[in-house]
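final.cif follows; it contains mmCIF, C-alpha atoms, pLDDT in the B column; chains and numbers go by the auth columns.
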```cif
data_target
loop_
_atom_site.group_PDB
_atom_site.id
_atom_site.type_symbol
_atom_site.label_atom_id
_atom_site.label_comp_id
_atom_site.label_asym_id
_atom_site.label_seq_id
_atom_site.Cartn_x
_atom_site.Cartn_y
_atom_site.Cartn_z
_atom_site.B_iso_or_equiv
_atom_site.auth_seq_id
_atom_site.auth_asym_id
ATOM 1 C CA MET A 1 23.806 14.025 2.127 37.00 665 M
ATOM 2 C CA LEU A 2 21.012 14.225 -0.460 40.00 666 M
ATOM 3 C CA VAL A 3 17.382 15.041 0.426 41.00 667 M
ATOM 4 C CA ALA A 4 14.588 12.566 -0.371 46.00 668 M
ATOM 5 C CA ASN A 5 11.788 13.266 -2.844 47.00 669 M
ATOM 6 C CA CYS A 6 8.622 11.273 -3.695 46.00 670 M
ATOM 7 C CA SER A 7 9.594 10.252 -7.219 48.00 671 M
ATOM 8 C CA GLY A 8 12.533 8.115 -6.105 52.00 672 M
ATOM 9 C CA MET A 9 16.074 9.046 -5.306 52.00 673 M
ATOM 10 C CA PHE A 10 19.467 7.959 -4.150 50.00 674 M
ATOM 11 C CA ILE A 11 20.591 8.785 -0.615 47.00 675 M
ATOM 12 C CA LYS A 12 24.267 8.833 0.242 46.00 676 M
ATOM 13 C CA ARG A 13 24.949 7.725 3.817 46.00 677 M
ATOM 14 C CA CYS A 14 28.534 7.132 4.968 44.00 678 M
ATOM 15 C CA GLY A 15 29.672 6.332 1.411 42.00 679 M
ATOM 16 C CA ILE A 16 26.851 3.825 0.751 47.00 680 M
ATOM 17 C CA MET A 17 24.363 4.564 -2.030 51.00 681 M
ATOM 18 C CA SER A 18 20.800 3.363 -1.516 69.00 682 M
ATOM 19 C CA ALA A 19 17.619 3.549 -3.606 88.00 683 M
ATOM 20 C CA VAL A 20 14.410 4.644 -1.877 92.00 684 M
ATOM 21 C CA ARG A 21 10.958 5.054 -3.423 93.00 685 M
ATOM 22 C CA ILE A 22 7.925 6.375 -1.547 93.00 686 M
ATOM 23 C CA VAL A 23 4.366 5.744 -2.793 94.00 687 M
ATOM 24 C CA GLN A 24 1.567 7.914 -1.396 94.00 688 M
ATOM 25 C CA VAL A 25 -1.597 5.853 -0.806 94.00 689 M
ATOM 26 C CA PRO A 26 -4.689 7.856 -1.929 93.00 690 M
ATOM 27 C CA ASP A 27 -7.654 8.639 0.324 92.00 691 M
ATOM 28 C CA GLY A 28 -10.122 5.771 0.680 92.00 692 M
ATOM 29 C CA VAL A 29 -7.406 3.162 0.037 94.00 693 M
ATOM 30 C CA LYS A 30 -5.635 1.174 2.760 94.00 694 M
ATOM 31 C CA ALA A 31 -2.341 -0.658 2.375 94.00 695 M
ATOM 32 C CA HIS A 32 -0.788 -3.042 4.881 92.00 696 M
ATOM 33 C CA LEU A 33 1.918 -5.687 4.921 93.00 697 M
ATOM 34 C CA ASP A 34 1.267 -9.311 5.989 91.00 698 M
ATOM 35 C CA GLY A 35 4.739 -10.814 6.103 89.00 699 M
ATOM 36 C CA SER A 36 5.856 -10.442 2.477 91.00 700 M
ATOM 37 C CA GLN A 37 2.323 -9.938 1.074 94.00 701 M
ATOM 38 C CA LEU A 38 1.343 -6.338 0.317 95.00 702 M
ATOM 39 C CA ARG A 39 -2.462 -6.007 0.566 95.00 703 M
ATOM 40 C CA VAL A 40 -4.233 -2.969 -0.861 95.00 704 M
ATOM 41 C CA THR A 41 -7.946 -2.472 -0.160 95.00 705 M
ATOM 42 C CA GLY A 42 -10.208 0.158 -1.733 94.00 706 M
ATOM 43 C CA PRO A 43 -13.784 0.819 -2.848 95.00 707 M
ATOM 44 C CA LYS A 44 -13.550 -1.527 -5.869 94.00 708 M
ATOM 45 C CA GLY A 45 -11.977 -4.487 -4.058 94.00 709 M
ATOM 46 C CA GLN A 46 -8.743 -5.904 -2.680 95.00 710 M
ATOM 47 C CA LEU A 47 -5.449 -6.852 -4.342 95.00 711 M
ATOM 48 C CA SER A 48 -2.408 -8.587 -2.892 95.00 712 M
ATOM 49 C CA ARG A 49 1.091 -9.179 -4.204 95.00 713 M
ATOM 50 C CA ASN A 50 4.217 -10.860 -2.911 95.00 714 M
ATOM 51 C CA VAL A 51 6.911 -8.173 -2.505 93.00 715 M
ATOM 52 C CA ARG A 52 9.710 -10.433 -1.301 94.00 716 M
ATOM 53 C CA PHE A 53 13.085 -9.909 -2.962 94.00 717 M
ATOM 54 C CA PRO A 54 16.583 -10.226 -1.491 93.00 718 M
ATOM 55 C CA GLN A 55 17.977 -6.955 -0.078 93.00 719 M
ATOM 56 C CA VAL A 56 14.745 -5.018 -0.789 94.00 720 M
ATOM 57 C CA VAL A 57 12.824 -3.710 2.243 94.00 721 M
ATOM 58 C CA VAL A 58 9.126 -2.760 1.991 94.00 722 M
ATOM 59 C CA THR A 59 7.410 -0.931 4.871 93.00 723 M
ATOM 60 C CA CYS A 60 3.896 0.493 5.327 92.00 724 M
ATOM 61 C CA THR A 61 3.394 3.457 7.647 90.00 725 M
ATOM 62 C CA GLY A 62 0.153 5.455 7.638 84.00 726 M
ATOM 63 C CA ASN A 63 -0.615 6.421 4.055 91.00 727 M
ATOM 64 C CA GLU A 64 2.868 5.729 2.669 93.00 728 M
ATOM 65 C CA VAL A 65 4.532 2.615 1.280 94.00 729 M
ATOM 66 C CA THR A 66 8.326 2.833 1.316 94.00 730 M
ATOM 67 C CA ILE A 67 10.469 0.544 -0.845 94.00 731 M
ATOM 68 C CA SER A 68 14.218 0.733 -0.255 93.00 732 M
ATOM 69 C CA THR A 69 17.548 -1.043 -0.628 93.00 733 M
ATOM 70 C CA ASP A 70 21.130 -0.430 0.455 92.00 734 M
ATOM 71 C CA SER A 71 22.557 -2.343 -2.501 90.00 735 M
ATOM 72 C CA LYS A 72 24.386 -0.738 -5.430 89.00 736 M
ATOM 73 C CA ARG A 73 23.574 -3.609 -7.809 91.00 737 M
ATOM 74 C CA LYS A 74 21.515 -2.582 -10.819 92.00 738 M
ATOM 75 C CA LYS A 75 19.239 -5.647 -10.650 93.00 739 M
ATOM 76 C CA ILE A 76 18.253 -4.878 -7.055 92.00 740 M
ATOM 77 C CA THR A 77 17.773 -1.110 -7.537 92.00 741 M
ATOM 78 C CA ALA A 78 15.656 -1.883 -10.630 93.00 742 M
ATOM 79 C CA MET A 79 13.437 -4.123 -8.485 94.00 743 M
ATOM 80 C CA VAL A 80 12.780 -1.161 -6.172 94.00 744 M
ATOM 81 C CA GLY A 81 11.306 0.719 -9.159 93.00 745 M
ATOM 82 C CA THR A 82 9.327 -2.360 -10.199 94.00 746 M
ATOM 83 C CA PHE A 83 7.746 -2.697 -6.751 95.00 747 M
ATOM 84 C CA GLU A 84 6.934 1.041 -6.833 95.00 748 M
ATOM 85 C CA ALA A 85 5.097 0.621 -10.160 95.00 749 M
ATOM 86 C CA HIS A 86 3.211 -2.444 -8.869 96.00 750 M
ATOM 87 C CA THR A 87 2.137 -0.558 -5.742 95.00 751 M
ATOM 88 C CA LYS A 88 0.921 2.455 -7.752 95.00 752 M
ATOM 89 C CA ASN A 89 -1.036 0.162 -10.116 95.00 753 M
ATOM 90 C CA MET A 90 -2.622 -1.660 -7.169 95.00 754 M
ATOM 91 C CA CYS A 91 -3.697 1.642 -5.553 95.00 755 M
ATOM 92 C CA ARG A 92 -5.138 2.924 -8.837 95.00 756 M
ATOM 93 C CA GLY A 93 -6.866 -0.398 -9.556 95.00 757 M
ATOM 94 C CA VAL A 94 -8.763 -0.596 -6.254 95.00 758 M
ATOM 95 C CA SER A 95 -9.805 3.076 -6.446 94.00 759 M
ATOM 96 C CA GLU A 96 -10.529 3.656 -10.174 94.00 760 M
ATOM 97 C CA GLY A 97 -10.059 0.342 -12.018 94.00 761 M
ATOM 98 C CA PHE A 98 -8.580 -0.278 -15.472 96.00 762 M
ATOM 99 C CA GLU A 99 -10.151 -0.629 -18.910 96.00 763 M
ATOM 100 C CA TYR A 100 -8.580 -1.860 -22.163 96.00 764 M
ATOM 101 C CA HIS A 101 -10.277 -1.342 -25.533 97.00 765 M
ATOM 102 C CA MET A 102 -9.533 -3.772 -28.365 96.00 766 M
ATOM 103 C CA LYS A 103 -10.690 -3.330 -31.959 95.00 767 M
ATOM 104 C CA MET A 104 -11.626 -6.017 -34.486 93.00 768 M
ATOM 105 C CA VAL A 105 -9.922 -5.459 -37.825 92.00 769 M
ATOM 106 C CA TYR A 106 -10.935 -7.493 -40.857 90.00 770 M
ATOM 107 C CA SER A 107 -10.966 -6.925 -44.583 88.00 771 M
ATOM 108 C CA HIS A 108 -11.629 -10.426 -45.899 78.00 772 M
ATOM 109 C CA PHE A 109 -14.116 -12.235 -43.656 89.00 773 M
ATOM 110 C CA PRO A 110 -16.245 -10.682 -40.888 92.00 774 M
ATOM 111 C CA ILE A 111 -15.131 -11.890 -37.454 92.00 775 M
ATOM 112 C CA GLN A 112 -17.848 -13.152 -35.108 93.00 776 M
ATOM 113 C CA LEU A 113 -17.260 -12.983 -31.336 94.00 777 M
ATOM 114 C CA LYS A 114 -19.096 -14.828 -28.583 94.00 778 M
ATOM 115 C CA LEU A 115 -18.417 -14.915 -24.833 95.00 779 M
ATOM 116 C CA GLN A 116 -18.605 -18.380 -23.266 92.00 780 M
ATOM 117 C CA GLY A 117 -17.892 -18.140 -19.552 89.00 781 M
ATOM 118 C CA ASN A 118 -14.202 -17.386 -19.119 93.00 782 M
ATOM 119 C CA ARG A 119 -13.250 -17.647 -22.795 93.00 783 M
ATOM 120 C CA LEU A 120 -13.876 -15.691 -25.979 95.00 784 M
ATOM 121 C CA GLU A 121 -14.853 -17.616 -29.107 95.00 785 M
ATOM 122 C CA ILE A 122 -13.513 -16.068 -32.320 95.00 786 M
ATOM 123 C CA ALA A 123 -15.413 -17.548 -35.272 94.00 787 M
ATOM 124 C CA ASN A 124 -14.996 -17.059 -39.039 93.00 788 M
ATOM 125 C CA PHE A 125 -11.490 -15.622 -38.594 92.00 789 M
ATOM 126 C CA LEU A 126 -10.005 -15.546 -42.131 89.00 790 M
ATOM 127 C CA GLY A 127 -12.871 -17.793 -43.196 90.00 791 M
ATOM 128 C CA GLU A 128 -11.683 -20.711 -41.062 90.00 792 M
ATOM 129 C CA LYS A 129 -14.307 -23.340 -40.320 94.00 793 M
ATOM 130 C CA LYS A 130 -12.930 -24.051 -36.846 95.00 794 M
ATOM 131 C CA ALA A 131 -13.300 -21.352 -34.173 95.00 795 M
ATOM 132 C CA ARG A 132 -10.355 -19.968 -32.202 95.00 796 M
ATOM 133 C CA TYR A 133 -10.523 -19.416 -28.439 96.00 797 M
ATOM 134 C CA ALA A 134 -8.897 -16.924 -26.055 96.00 798 M
ATOM 135 C CA ARG A 135 -8.885 -17.302 -22.273 96.00 799 M
ATOM 136 C CA ILE A 136 -10.243 -14.416 -20.194 96.00 800 M
ATOM 137 C CA GLU A 137 -8.528 -14.417 -16.786 96.00 801 M
ATOM 138 C CA PRO A 138 -10.658 -14.634 -13.615 95.00 802 M
ATOM 139 C CA GLY A 139 -11.387 -11.169 -12.225 93.00 803 M
ATOM 140 C CA VAL A 140 -11.560 -9.608 -15.703 96.00 804 M
ATOM 141 C CA THR A 141 -14.905 -8.568 -17.196 95.00 805 M
ATOM 142 C CA ALA A 142 -15.218 -8.712 -20.995 95.00 806 M
ATOM 143 C CA LYS A 143 -17.893 -6.939 -23.049 95.00 807 M
ATOM 144 C CA ILE A 144 -18.458 -7.070 -26.792 95.00 808 M
ATOM 145 C CA ALA A 145 -19.745 -3.853 -28.372 91.00 809 M
ATOM 146 C CA ASN A 146 -20.049 -3.624 -32.192 88.00 810 M
ATOM 147 C CA ASP A 147 -16.459 -4.088 -33.404 91.00 811 M
ATOM 148 C CA GLU A 148 -14.808 -3.614 -29.968 94.00 812 M
ATOM 149 C CA VAL A 149 -13.915 -5.849 -27.039 96.00 813 M
ATOM 150 C CA ILE A 150 -13.753 -4.003 -23.705 96.00 814 M
ATOM 151 C CA LEU A 151 -11.788 -5.622 -20.866 96.00 815 M
ATOM 152 C CA SER A 152 -12.170 -4.123 -17.393 96.00 816 M
ATOM 153 C CA GLY A 153 -11.142 -4.989 -13.840 96.00 817 M
ATOM 154 C CA ILE A 154 -8.983 -3.929 -10.913 96.00 818 M
ATOM 155 C CA ASP A 155 -5.820 -5.974 -11.633 95.00 819 M
ATOM 156 C CA ARG A 156 -3.848 -4.432 -14.498 95.00 820 M
ATOM 157 C CA GLU A 157 -1.700 -7.528 -14.921 95.00 821 M
ATOM 158 C CA LEU A 158 -4.682 -9.863 -15.437 96.00 822 M
ATOM 159 C CA ILE A 159 -6.275 -7.471 -17.937 97.00 823 M
ATOM 160 C CA GLY A 160 -2.998 -7.322 -19.875 96.00 824 M
ATOM 161 C CA ILE A 161 -2.724 -11.118 -19.906 97.00 825 M
ATOM 162 C CA SER A 162 -6.307 -11.429 -21.199 97.00 826 M
ATOM 163 C CA ALA A 163 -5.618 -8.873 -23.950 96.00 827 M
ATOM 164 C CA ALA A 164 -2.437 -10.733 -24.921 96.00 828 M
ATOM 165 C CA ASN A 165 -4.389 -14.017 -25.074 97.00 829 M
ATOM 166 C CA ILE A 166 -6.877 -12.438 -27.497 96.00 830 M
ATOM 167 C CA GLU A 167 -4.132 -10.969 -29.698 95.00 831 M
ATOM 168 C CA HIS A 168 -2.268 -14.280 -29.672 96.00 832 M
ATOM 169 C CA ALA A 169 -5.406 -16.224 -30.653 95.00 833 M
ATOM 170 C CA THR A 170 -5.747 -14.086 -33.801 93.00 834 M
ATOM 171 C CA HIS A 171 -2.103 -14.418 -34.839 92.00 835 M
ATOM 172 C CA ILE A 172 -1.813 -15.104 -38.581 90.00 836 M
ATOM 173 C CA ARG A 173 0.447 -17.885 -39.836 88.00 837 M
ATOM 174 C CA ASN A 174 1.400 -18.876 -43.404 89.00 838 M
ATOM 175 C CA ARG A 175 0.081 -15.650 -44.971 87.00 839 M
ATOM 176 C CA ASP A 176 1.621 -12.316 -45.909 87.00 840 M
ATOM 177 C CA PRO A 177 1.086 -9.945 -42.903 81.00 841 M
ATOM 178 C CA ARG A 178 1.143 -6.914 -45.232 86.00 842 M
ATOM 179 C CA VAL A 179 -1.981 -8.197 -46.997 86.00 843 M
ATOM 180 C CA PHE A 180 -3.746 -10.066 -44.176 86.00 844 M
ATOM 181 C CA GLN A 181 -3.846 -7.545 -41.324 88.00 845 M
ATOM 182 C CA ASP A 182 -6.950 -9.112 -39.799 90.00 846 M
ATOM 183 C CA GLY A 183 -7.032 -9.552 -36.020 92.00 847 M
ATOM 184 C CA ILE A 184 -8.072 -8.042 -32.702 93.00 848 M
ATOM 185 C CA TYR A 185 -5.676 -5.360 -31.449 94.00 849 M
ATOM 186 C CA ILE A 186 -5.359 -3.104 -28.367 94.00 850 M
ATOM 187 C CA ILE A 187 -6.220 0.484 -29.283 95.00 851 M
ATOM 188 C CA GLN A 188 -6.575 2.103 -25.849 94.00 852 M
ATOM 189 C CA ARG A 189 -5.345 1.426 -22.320 90.00 853 M
ATOM 190 C CA GLY A 190 -6.747 3.343 -19.396 79.00 854 M
#
```

Before anything else, please render the file you have as C-alpha cells.
Amino acid sequence: MLVANCSGMFIKRCGIMSAVRIVQVPDGVKAHLDGSQLRVTGPKGQLSRNVRFPQVVVTCTGNEVTISTDSKRKKITAMVGTFEAHTKNMCRGVSEGFEYHMKMVYSHFPIQLKLQGNRLEIANFLGEKKARYARIEPGVTAKIANDEVILSGIDRELIGISAANIEHATHIRNRDPRVFQDGIYIIQRG
C-alpha cells in the first residue's frame, strides 16, 4: 500500500490503482460543493465550476478539496489532474486575482486602441481604414497604458479568452509574417 501525498499520487488497494489529488484551500477562502457545482468564495469574489465527470469523485471537507477516481483509464485519471488545476486556479483567483500584460508591436503604422464597453477597438492596424474589434469577456477589466494592454480579473479562463480574442483580432493575412510582425501579444502572465 502506498502513502498519499498532496501533489497527487496513485494508491494501490486490493489490486486496483486509483488517482487521488488533494488541494489545500488557503486561509480566507471557502470551498463547498452544491451538487456538481464547486463554489469557491474569497475576498475578491466568488467563482463556480461544474466538476461533473463520469467515474470522478469530488469531495469538500474542511479546508481540503479531494478529487479521486478508481479507474485506470488515462482519460479519466487525466481529468483528475485537470480538476485539480481548475480548483487551484479558482482558489488563487478569489484570493489574489490574475493579471495578463499584452504589448503592442508595430513598425509600419502606429496602432491606436480605444475601449468601448466590453470590446477593444484596434484602429490604424497596418494602415487599414476599417477598425478591428476584440471582445473583452464579462468579469475582465481592461486598461490601456502607453503601448500595453493590461487584463485583470479573478477568472483565469476568461482572461485567457480575452487575450486570445485580442491576439486573434490582430492576426495578419496575405503578408509575409517575417516582415510584418505587427500585433498585440501576451508578454507576461501572473

Which residues, written as a PyMOL selection string, have at least one atom at most 12 Å from Met743 in chain M, with only C-alpha atoms counted and residues fewer than 4 positions away on the same chain left out? chain M and resi 683-685+715-722+731-733+735-739+747-750

Nearby residues (all atoms listed in the file) at most 12 Å from range 773-783 of chain M, same-chain spacing under 4 positions excluded, as a PDB file with C-alpha atoms, in the coordinates of the input:
```pdb
ATOM      1  CA  LYS M 767     -10.690  -3.330 -31.959  1.00 95.00           C
ATOM      2  CA  MET M 768     -11.626  -6.017 -34.486  1.00 93.00           C
ATOM      3  CA  VAL M 769      -9.922  -5.459 -37.825  1.00 92.00           C
ATOM      4  CA  ALA M 787     -15.413 -17.548 -35.272  1.00 94.00           C
ATOM      5  CA  ASN M 788     -14.996 -17.059 -39.039  1.00 93.00           C
ATOM      6  CA  PHE M 789     -11.490 -15.622 -38.594  1.00 92.00           C
ATOM      7  CA  LEU M 790     -10.005 -15.546 -42.131  1.00 89.00           C
ATOM      8  CA  GLY M 791     -12.871 -17.793 -43.196  1.00 90.00           C
ATOM      9  CA  GLU M 792     -11.683 -20.711 -41.062  1.00 90.00           C
ATOM     10  CA  LYS M 793     -14.307 -23.340 -40.320  1.00 94.00           C
ATOM     11  CA  ALA M 795     -13.300 -21.352 -34.173  1.00 95.00           C
ATOM     12  CA  ARG M 796     -10.355 -19.968 -32.202  1.00 95.00           C
ATOM     13  CA  TYR M 797     -10.523 -19.416 -28.439  1.00 96.00           C
ATOM     14  CA  ALA M 798      -8.897 -16.924 -26.055  1.00 96.00           C
ATOM     15  CA  ARG M 799      -8.885 -17.302 -22.273  1.00 96.00           C
ATOM     16  CA  ILE M 800     -10.243 -14.416 -20.194  1.00 96.00           C
ATOM     17  CA  GLU M 801      -8.528 -14.417 -16.786  1.00 96.00           C
ATOM     18  CA  PRO M 802     -10.658 -14.634 -13.615  1.00 95.00           C
ATOM     19  CA  GLY M 803     -11.387 -11.169 -12.225  1.00 93.00           C
ATOM     20  CA  VAL M 804     -11.560  -9.608 -15.703  1.00 96.00           C
ATOM     21  CA  THR M 805     -14.905  -8.568 -17.196  1.00 95.00           C
ATOM     22  CA  ALA M 806     -15.218  -8.712 -20.995  1.00 95.00           C
ATOM     23  CA  LYS M 807     -17.893  -6.939 -23.049  1.00 95.00           C
ATOM     24  CA  ILE M 808     -18.458  -7.070 -26.792  1.00 95.00           C
ATOM     25  CA  ALA M 809     -19.745  -3.853 -28.372  1.00 91.00           C
ATOM     26  CA  ASN M 810     -20.049  -3.624 -32.192  1.00 88.00           C
ATOM     27  CA  ASP M 811     -16.459  -4.088 -33.404  1.00 91.00           C
ATOM     28  CA  GLU M 812     -14.808  -3.614 -29.968  1.00 94.00           C
ATOM     29  CA  VAL M 813     -13.915  -5.849 -27.039  1.00 96.00           C
ATOM     30  CA  ILE M 814     -13.753  -4.003 -23.705  1.00 96.00           C
ATOM     31  CA  SER M 826      -6.307 -11.429 -21.199  1.00 97.00           C
ATOM     32  CA  ALA M 827      -5.618  -8.873 -23.950  1.00 96.00           C
ATOM     33  CA  ASN M 829      -4.389 -14.017 -25.074  1.00 97.00           C
ATOM     34  CA  ILE M 830      -6.877 -12.438 -27.497  1.00 96.00           C
ATOM     35  CA  ALA M 833      -5.406 -16.224 -30.653  1.00 95.00           C
ATOM     36  CA  THR M 834      -5.747 -14.086 -33.801  1.00 93.00           C
ATOM     37  CA  PHE M 844      -3.746 -10.066 -44.176  1.00 86.00           C
ATOM     38  CA  GLN M 845      -3.846  -7.545 -41.324  1.00 88.00           C
ATOM     39  CA  ASP M 846      -6.950  -9.112 -39.799  1.00 90.00           C
ATOM     40  CA  GLY M 847      -7.032  -9.552 -36.020  1.00 92.00           C
ATOM     41  CA  ILE M 848      -8.072  -8.042 -32.702  1.00 93.00           C
TER      42      ILE M 848
END
```

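Our summary of the geometry notes that CA of Thr725 in chain M is positioned 15.6 Å from CA of Lys752 in chain M.
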
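Taken over the shown file, the PyMOL selection byres ((chain M and resi 687-701) around 6) identifies Ile686, Leu702, Arg703, Val704, Thr705, Gly706, Arg713, Asn714, Val715, Arg716, Cys724, Asn727, Glu728 and Val729 of chain M.
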
Could you dump the residues just selected with C-alpha atoms as a PDB file, in the frame of the given file?
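Written file, selection14.pdb:
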```
ATOM      1  CA  ILE M 686       7.925   6.375  -1.547  1.00 93.00           C
ATOM      2  CA  LEU M 702       1.343  -6.338   0.317  1.00 95.00           C
ATOM      3  CA  ARG M 703      -2.462  -6.007   0.566  1.00 95.00           C
ATOM      4  CA  VAL M 704      -4.233  -2.969  -0.861  1.00 95.00           C
ATOM      5  CA  THR M 705      -7.946  -2.472  -0.160  1.00 95.00           C
ATOM      6  CA  GLY M 706     -10.208   0.158  -1.733  1.00 94.00           C
ATOM      7  CA  ARG M 713       1.091  -9.179  -4.204  1.00 95.00           C
ATOM      8  CA  ASN M 714       4.217 -10.860  -2.911  1.00 95.00           C
ATOM      9  CA  VAL M 715       6.911  -8.173  -2.505  1.00 93.00           C
ATOM     10  CA  ARG M 716       9.710 -10.433  -1.301  1.00 94.00           C
ATOM     11  CA  CYS M 724       3.896   0.493   5.327  1.00 92.00           C
ATOM     12  CA  ASN M 727      -0.615   6.421   4.055  1.00 91.00           C
ATOM     13  CA  GLU M 728       2.868   5.729   2.669  1.00 93.00           C
ATOM     14  CA  VAL M 729       4.532   2.615   1.280  1.00 94.00           C
TER      15      VAL M 729
END
```

List every protein, DNA or RNA residue that has an atom no more than 10 Å from (-10.4, 2.5, -26.4) in the file's coordinate frame, counting all atoms listed in the file, and report them as JSON, numbers by chain. {"M": [763, 764, 765, 766, 767, 812, 813, 814, 815, 850, 851, 852, 853, 854]}

Provide the CA of Val758 in chain M to CA of Leu784 in chain M distance in Å, to one decimal place. 25.4 Å

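Atom pair CA of Gly817 in chain M / CA of Cys755 in chain M has a distance of 13.0 Å (rounded to one decimal).
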
The residue from M:Ser759, M:Ser771, M:Asn753, M:Asn838 with the smallest atom-to-atom distance to Glu821 in chain M, counting only C-alpha atoms, is M:Asn753

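Here the residues that fall within 8 Å of (-5.0, -5.1, -13.7), using only C-alpha atoms, are given as Asn753, Met754, Gly757, Gly761, Phe762, Gly817, Ile818, Asp819, Arg820, Glu821, Leu822, Ile823 and Gly824 of chain M.
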
Exercise on range 712-723 of chain M, axis-aligned box with 4 Å per side, report centre and edge lengths in Å to one decimal, as lines of an AutoDock Vina configuration file:
```
center_x = 7.8
center_y = -5.9
center_z = 0.3
size_x = 28.4
size_y = 17.9
size_z = 17.1
```

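With only C-alpha atoms as the atoms that count, the minimum distance from Val744 in chain M to the choices M:Thr730, M:His832, M:Arg756, M:Ile786 is reached by M:Thr730.
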